[in-house]
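Structure data follow from query-v4.cif (mmCIF, C-alpha atoms and all ligand atoms):
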```
data_coords
#
loop_
_atom_site.label_atom_id
_atom_site.label_comp_id
_atom_site.auth_asym_id
_atom_site.auth_seq_id
_atom_site.Cartn_x
_atom_site.Cartn_y
_atom_site.Cartn_z
CA MET S 1 6.95 14.87 13.78
CA ARG S 2 6.93 15.92 10.17
CA ALA S 3 10.42 14.79 9.38
CA SER S 4 9.70 11.12 9.87
CA PHE S 5 6.37 10.93 8.07
CA THR S 6 7.62 9.24 4.91
CA TRP S 7 9.89 6.86 6.74
CA SER S 8 7.25 5.79 9.21
CA LEU S 9 4.81 5.31 6.36
CA MET S 10 7.24 2.96 4.62
CA VAL S 11 7.58 0.99 7.80
CA VAL S 12 3.86 0.58 8.35
CA LEU S 13 3.32 -0.30 4.71
CA GLY S 14 6.04 -2.90 4.98
CA LEU S 15 8.18 -1.28 2.29
CA ALA S 16 11.09 -0.23 4.42
CA GLY S 17 13.30 -3.16 3.58
CA CYS S 18 13.60 -2.46 -0.11
CA GLY S 19 16.05 0.40 -0.36
CA GLY S 20 16.11 4.10 0.32
CA ALA S 21 13.08 6.32 0.22
CA SER S 22 12.24 7.46 -3.28
CA SER S 23 15.49 6.41 -4.92
CA GLY S 24 13.78 7.14 -8.21
CA SER S 25 15.89 4.65 -10.13
CA GLU S 26 14.35 1.27 -9.50
CA GLY S 27 12.07 0.14 -12.26
CA GLY S 28 9.12 -2.18 -12.21
CA THR S 29 8.14 -1.84 -8.60
CA GLY S 30 4.41 -1.80 -9.37
CA THR S 31 2.54 -4.24 -7.22
CA ASP S 32 -0.55 -4.55 -9.34
CA GLY S 33 0.65 -5.17 -12.84
CA THR S 34 1.28 -1.55 -13.74
CA THR S 35 4.61 -0.97 -15.35
CA GLY S 36 6.66 0.98 -12.90
CA SER S 37 9.53 1.48 -15.29
CA GLU S 38 11.16 4.79 -14.62
CA ASP S 39 13.96 4.44 -17.10
CA ASP S 40 12.34 6.63 -19.71
CA ILE S 41 11.25 9.41 -17.36
CA PRO S 42 13.02 12.64 -18.24
CA THR S 43 14.24 15.13 -15.67
CA ALA S 44 13.76 18.86 -16.07
CA GLU S 45 17.07 20.64 -16.22
CA ASN S 46 17.22 23.22 -13.47
CA TRP S 47 13.54 23.05 -12.50
CA GLU S 48 13.99 25.65 -9.77
CA GLY S 49 15.40 28.13 -12.24
CA MET S 50 12.74 27.68 -14.90
CA SER S 51 10.25 30.43 -15.69
CA HIS S 52 6.61 29.99 -14.78
CA ASP S 53 5.74 29.42 -18.45
CA ASP S 54 8.47 26.86 -18.93
CA LYS S 55 7.28 25.01 -15.84
CA ALA S 56 3.73 25.01 -17.17
CA ALA S 57 4.97 23.68 -20.51
CA TRP S 58 7.00 20.94 -18.82
CA MET S 59 3.93 19.97 -16.84
CA ALA S 60 1.79 19.78 -19.96
CA GLN S 61 4.31 17.94 -22.10
CA GLU S 62 6.05 15.62 -19.66
CA VAL S 63 4.23 15.48 -16.33
CA VAL S 64 0.58 15.15 -17.31
CA PRO S 65 0.90 12.33 -19.89
CA ARG S 66 3.01 10.19 -17.56
CA MET S 67 0.97 10.90 -14.47
CA GLU S 68 -2.25 10.33 -16.34
CA ALA S 69 -0.99 6.91 -17.37
CA LEU S 70 -0.12 6.09 -13.77
CA PHE S 71 -3.37 7.36 -12.27
CA THR S 72 -5.63 5.75 -14.85
CA GLY S 73 -3.61 2.56 -14.49
CA HIS S 74 -4.42 2.69 -10.81
CA ASP S 75 -8.10 3.61 -11.19
CA ALA S 76 -9.39 4.22 -14.71
CA ASP S 77 -12.85 5.40 -13.73
CA ARG S 78 -11.85 7.77 -11.00
CA TYR S 79 -9.15 9.43 -13.10
CA ALA S 80 -10.92 9.42 -16.45
CA ASN S 81 -10.72 13.24 -16.48
CA PHE S 82 -7.13 13.58 -15.34
CA SER S 83 -5.76 17.11 -15.82
CA CYS S 84 -3.77 19.90 -14.18
CA ARG S 85 -6.68 20.14 -11.76
CA THR S 86 -6.19 16.65 -10.39
CA CYS S 87 -3.11 17.96 -8.62
CA HIS S 88 -3.52 21.73 -8.61
CA GLY S 89 -7.25 21.96 -7.93
CA GLU S 90 -9.75 24.44 -9.30
CA GLY S 91 -7.20 27.22 -9.01
CA ALA S 92 -5.46 25.82 -12.09
CA ALA S 93 -8.26 27.31 -14.18
CA HIS S 94 -7.11 30.81 -13.24
CA GLY S 95 -3.40 30.27 -13.08
CA ASP S 96 -2.98 29.28 -9.45
CA PHE S 97 -0.49 26.41 -9.42
CA GLU S 98 0.79 26.78 -5.90
CA MET S 99 1.96 23.56 -4.27
CA PRO S 100 1.21 21.94 -1.88
CA SER S 101 -2.33 22.18 -3.15
CA ARG S 102 -5.19 23.02 -0.81
CA SER S 103 -7.38 20.89 -3.05
CA LEU S 104 -5.58 17.70 -2.04
CA PRO S 105 -6.37 16.00 1.25
CA ALA S 106 -4.18 17.23 4.10
CA LEU S 107 -2.23 14.39 5.68
CA HIS S 108 -2.22 13.72 9.40
CA PRO S 109 0.99 13.64 11.40
CA THR S 110 3.05 10.56 12.12
CA GLY S 111 1.83 8.50 15.01
CA SER S 112 -1.61 10.10 15.15
CA PRO S 113 -4.66 7.83 15.26
CA GLU S 114 -5.79 9.43 12.00
CA GLN S 115 -2.56 8.43 10.30
CA GLN S 116 -3.00 4.87 11.47
CA ALA S 117 -6.56 4.90 10.21
CA MET S 118 -5.29 6.28 6.90
CA VAL S 119 -2.92 3.38 6.47
CA GLN S 120 -5.67 0.90 7.11
CA GLN S 121 -8.23 2.59 4.94
CA TYR S 122 -6.17 3.78 1.99
CA ARG S 123 -3.53 1.10 1.73
CA PRO S 124 -3.63 0.44 -2.04
CA MET S 125 -3.67 4.18 -2.70
CA LEU S 126 -0.74 4.73 -0.34
CA VAL S 127 1.35 2.04 -1.97
CA PHE S 128 0.55 3.65 -5.32
CA MET S 129 1.47 7.09 -3.98
CA TYR S 130 4.67 5.90 -2.42
CA GLN S 131 5.93 3.58 -5.13
CA GLU S 132 4.75 5.31 -8.30
CA VAL S 133 3.50 8.87 -7.91
CA LEU S 134 6.20 10.12 -5.59
CA PRO S 135 9.32 8.78 -7.37
CA THR S 136 7.96 9.67 -10.81
CA MET S 137 7.17 13.25 -9.81
CA GLN S 138 10.51 13.58 -8.09
CA GLN S 139 12.36 12.46 -11.16
CA LEU S 140 10.33 14.66 -13.51
CA ILE S 141 11.35 17.80 -11.66
CA GLY S 142 14.75 16.56 -10.51
CA ALA S 143 13.97 17.18 -6.85
CA PRO S 144 16.42 16.02 -4.17
CA ASP S 145 15.72 12.85 -2.21
CA PHE S 146 13.80 13.09 1.03
CA GLU S 147 16.16 13.38 3.97
CA GLU S 148 15.08 11.71 7.13
CA GLU S 149 17.18 13.88 9.46
CA THR S 150 16.24 17.28 8.11
CA GLY S 151 12.83 16.53 6.63
CA GLY S 152 14.05 18.30 3.48
CA GLY S 153 13.78 17.05 -0.07
CA PHE S 154 10.86 15.59 -1.98
CA SER S 155 8.06 13.96 -0.03
CA CYS S 156 4.30 13.50 0.11
CA PHE S 157 4.16 17.12 1.25
CA ALA S 158 5.37 18.45 -2.09
CA CYS S 159 1.76 17.91 -3.14
CA HIS S 160 -0.29 17.37 0.02
CA PRO S 161 -0.67 19.95 2.78
CA HIS S 162 -0.24 19.08 6.43
CA ALA S 163 -3.49 18.54 8.33
CA GLY S 164 -4.25 21.68 10.26
CA ASP S 165 -2.65 24.06 7.78
CA GLU S 166 -4.90 27.01 7.06
CA GLY S 167 -7.49 26.49 4.36
CA THR S 168 -6.85 22.78 3.95
CA THR S 169 -9.21 19.83 4.15
CA PRO S 170 -7.97 16.95 6.25
CA LEU S 171 -8.07 13.49 4.76
CA ILE S 172 -11.26 11.82 5.90
CA THR S 173 -10.54 8.75 7.92
CA LEU S 174 -13.01 6.36 9.40
CA GLU S 175 -12.59 4.83 12.81
CA PRO S 176 -10.17 1.90 12.47
CA ALA S 177 -12.94 -0.66 13.03
CA GLU S 178 -15.15 0.97 10.43
CA ALA S 179 -12.28 1.11 8.00
CA ALA S 180 -11.62 -2.59 8.36
CA ALA S 181 -15.27 -3.37 7.75
CA ASP S 182 -15.28 -1.03 4.78
CA GLU S 183 -12.24 -2.69 3.28
CA ALA S 184 -13.73 -6.11 3.70
CA GLY S 185 -16.94 -4.87 2.14
CA ASP S 186 -15.63 -3.44 -1.09
CA ALA S 187 -12.07 -4.57 -1.48
CA GLY S 188 -10.58 -3.15 -4.60
C1 LIG S 201 0.74 14.82 -10.83
C2 LIG S 201 0.51 16.09 -10.26
C3 LIG S 201 0.60 17.31 -11.16
C4 LIG S 201 -0.11 17.57 -12.32
C5 LIG S 201 -1.09 16.68 -13.02
C6 LIG S 201 0.28 18.89 -12.75
N1 LIG S 201 1.19 19.41 -11.87
FE1 LIG S 201 2.01 21.26 -11.95
N2 LIG S 201 3.11 20.86 -10.27
C7 LIG S 201 3.08 19.70 -9.56
C8 LIG S 201 4.01 19.79 -8.47
C9 LIG S 201 4.29 18.70 -7.43
C10 LIG S 201 4.60 21.07 -8.54
C11 LIG S 201 5.60 21.69 -7.57
C12 LIG S 201 6.98 21.29 -7.94
C13 LIG S 201 7.95 21.91 -6.99
O1 LIG S 201 8.08 21.42 -5.87
O2 LIG S 201 8.55 22.90 -7.38
C14 LIG S 201 4.01 21.72 -9.68
C15 LIG S 201 4.33 23.01 -10.10
C16 LIG S 201 3.75 23.66 -11.17
C17 LIG S 201 4.04 25.01 -11.57
C18 LIG S 201 5.01 25.94 -10.86
C19 LIG S 201 4.25 26.60 -9.77
C20 LIG S 201 4.96 27.77 -9.19
O3 LIG S 201 4.32 28.45 -8.37
O4 LIG S 201 6.10 28.01 -9.54
C21 LIG S 201 3.27 25.30 -12.64
C22 LIG S 201 3.21 26.61 -13.40
C23 LIG S 201 2.49 24.12 -12.94
N3 LIG S 201 2.79 23.14 -12.01
C24 LIG S 201 1.59 24.03 -13.96
C25 LIG S 201 0.88 22.87 -14.28
C26 LIG S 201 0.02 22.76 -15.44
C27 LIG S 201 -0.26 23.87 -16.44
C28 LIG S 201 -0.48 21.49 -15.44
C29 LIG S 201 -1.39 20.82 -16.46
C30 LIG S 201 -0.92 20.97 -17.83
C31 LIG S 201 0.07 20.83 -14.26
N4 LIG S 201 0.89 21.70 -13.60
C32 LIG S 201 -0.21 19.52 -13.88
C33 LIG S 201 2.27 18.61 -9.82
C34 LIG S 201 1.41 18.48 -10.88
C1 LIG S 202 2.79 14.50 -7.26
C2 LIG S 202 1.85 14.84 -6.24
C3 LIG S 202 1.58 13.82 -5.13
C4 LIG S 202 2.47 13.23 -4.28
C5 LIG S 202 3.98 13.38 -4.24
C6 LIG S 202 1.70 12.42 -3.38
N1 LIG S 202 0.38 12.53 -3.68
FE1 LIG S 202 -1.18 11.62 -2.70
N2 LIG S 202 -2.47 12.33 -4.08
C7 LIG S 202 -2.14 13.10 -5.16
C8 LIG S 202 -3.30 13.22 -6.04
C9 LIG S 202 -3.36 13.98 -7.35
C10 LIG S 202 -4.34 12.48 -5.43
C11 LIG S 202 -5.74 12.21 -5.96
C12 LIG S 202 -6.72 13.23 -5.53
C13 LIG S 202 -8.07 12.88 -6.11
O1 LIG S 202 -8.40 11.70 -6.24
O2 LIG S 202 -8.80 13.81 -6.43
C14 LIG S 202 -3.79 11.96 -4.19
C15 LIG S 202 -4.52 11.22 -3.26
C16 LIG S 202 -4.03 10.77 -2.06
C17 LIG S 202 -4.83 10.21 -1.01
C18 LIG S 202 -6.34 10.08 -1.02
C19 LIG S 202 -6.76 8.70 -1.36
C20 LIG S 202 -8.23 8.63 -1.66
O3 LIG S 202 -8.63 7.54 -2.06
O4 LIG S 202 -8.96 9.63 -1.53
C21 LIG S 202 -3.98 9.88 0.00
C22 LIG S 202 -4.34 9.24 1.32
C23 LIG S 202 -2.66 10.25 -0.41
N3 LIG S 202 -2.71 10.79 -1.68
C24 LIG S 202 -1.52 10.09 0.35
C25 LIG S 202 -0.23 10.36 -0.11
C26 LIG S 202 0.97 10.00 0.60
C27 LIG S 202 1.02 9.33 1.95
C28 LIG S 202 2.02 10.41 -0.16
C29 LIG S 202 3.51 10.20 0.09
C30 LIG S 202 3.92 8.81 0.14
C31 LIG S 202 1.47 11.05 -1.34
N4 LIG S 202 0.10 10.98 -1.28
C32 LIG S 202 2.22 11.65 -2.34
C33 LIG S 202 -0.92 13.70 -5.41
C34 LIG S 202 0.26 13.36 -4.77
#
```
Target encoding structure tokens, full file:
Amino acid sequence: MRASFTWSLMVVLGLAGCGGASSGSEGGTGTDGTTGSEDDIPTAENWEGMSHDDKAAWMAQEVVPRMEALFTGHDADRYANFSCRTCHGEGAAHGDFEMPSRSLPALHPTGSPEQQAMVQQYRPMLVFMYQEVLPTMQQLIGAPDFEEETGGGFSCFACHPHAGDEGTTPLITLEPAEAAADEAGDAG
């Protein structure tokens, strides 16, 4: 069920005890020495009502510098060329900024074996996504909190498509056993 994806992810990551999903106001939650301070993150006034150009300008001025800092803090090599494309894909080059982005891995539904494999295989990335990327993005555009009952509000699926959606590429997950071996092999 889509509605419970974020919640169930928190539970399996062991983060469920520490407050509501994406409260966006707790600072310093980074687990790896990155500064998770969200105090100085601005919020776009009336994001929904902004023109396309104003949204693009907000992205360039406020979103990209902050997100670049987060992503390079998480993995400097992988995100050395951070840009609009990191989130929006190749389409960004010709003005296609539609979100969720087909260029990002599509996430598998709650309770599926693939989702379980994802948690095992991508744990550090998921903690980063959940604790830093998601609340920062939410605050930057002033999006409403995720609502467990309705599945509305800001979630992973503001950026990532659902696995199975047309034209998307599902997140590659190894078999659980392989993933464990992989993690042991190159932990990092
Ligand atoms: C960290 C990820 C991220 C990066 C980097 C990023 N964006 Fe975005 N962008 C988003 C998200 C998420 C949305 C959708 C927000 C929403 O739900 O309305 C969005 C929406 C937009 C929109 C509005 C799209 C529409 O159809 O109305 C534009 C325009 C845009 N981005 C331009 C840019 C530009 C230009 C850059 C680079 C300067 C950029 N973005 C970089 C995440 C990102
Ligand atoms: C603001 C947009 C945004 C949000 C919100 C977001 N992600 Fe991501 N996610 C990204 C970007 C950008 C990447 C990096 C893609 C790349 O490396 O090219 C990514 C990568 C990933 C990956 C791939 C990891 C890998 O190593 O290849 C997974 C898994 C993932 N995200 C899961 C999630 C989950 C689960 C959530 C919700 C808790 C979430 N993301 C929320 C933008 C976002």
Query raised in the report: Mind pulling up the distance from atom C13 of ligand LIG 202 (chain S) to CA of Asp77 in chain S?
Result: 11.7 Å
Requested in this report: Mind giving me the straight-line distance from CA of Met59 in chain S to CA of Ile172 in chain S in Å, one decimal?
Outcome: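 Between CA of Met59 in chain S and CA of Ile172 in chain S the gap is 28.5 Å.
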Requested in this report: For ligand LIG 201 (chain S), collect every residue having any atom at a distance of at most 7 Å from a ligand atom (counting all atoms listed in the file); output as number ranges by chain.
Outcome: S: 48, 52-53, 55-57, 59-60, 63-64, 67, 83-88, 97-99, 137, 141, 158-159
Query raised in the report: For the atom pair CA of Met10 in chain S and CA of Ser112 in chain S, what is the interatomic distance in Å to one decimal place?
Result: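 These two atoms are separated by 15.5 Å.
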Query raised in the report: Between S:His94, S:Arg102, S:Arg78, S:His162, which one has atoms that come closest to ligand LIG 202 (chain S), using only C-alpha atoms and all ligand atoms?
Result: S:Arg78
Requested in this report: Output the neighbourhood of ligand LIG 202 (chain S) as a PyMOL selection string, that is, all protein and nucleic acid residues with some atom at most 9 Å from the ligand, counting all atoms listed in the file.
Outcome: chain S and resi 5-6+9-10+67+71+78-79+82+85-89+99-101+103-107+118-119+121-131+133-138+154-160+171-172
Report task. Choose the residue, out of S:His108, S:Gly153, S:Pro42, S:Gly95, that has the smallest atom-to-atom separation from Thr168 in chain S; count only C-alpha atoms. Result ->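 Of S:His108, S:Gly153, S:Pro42, S:Gly95, the one nearest Thr168 in chain S is S:His108, counting only C-alpha atoms.
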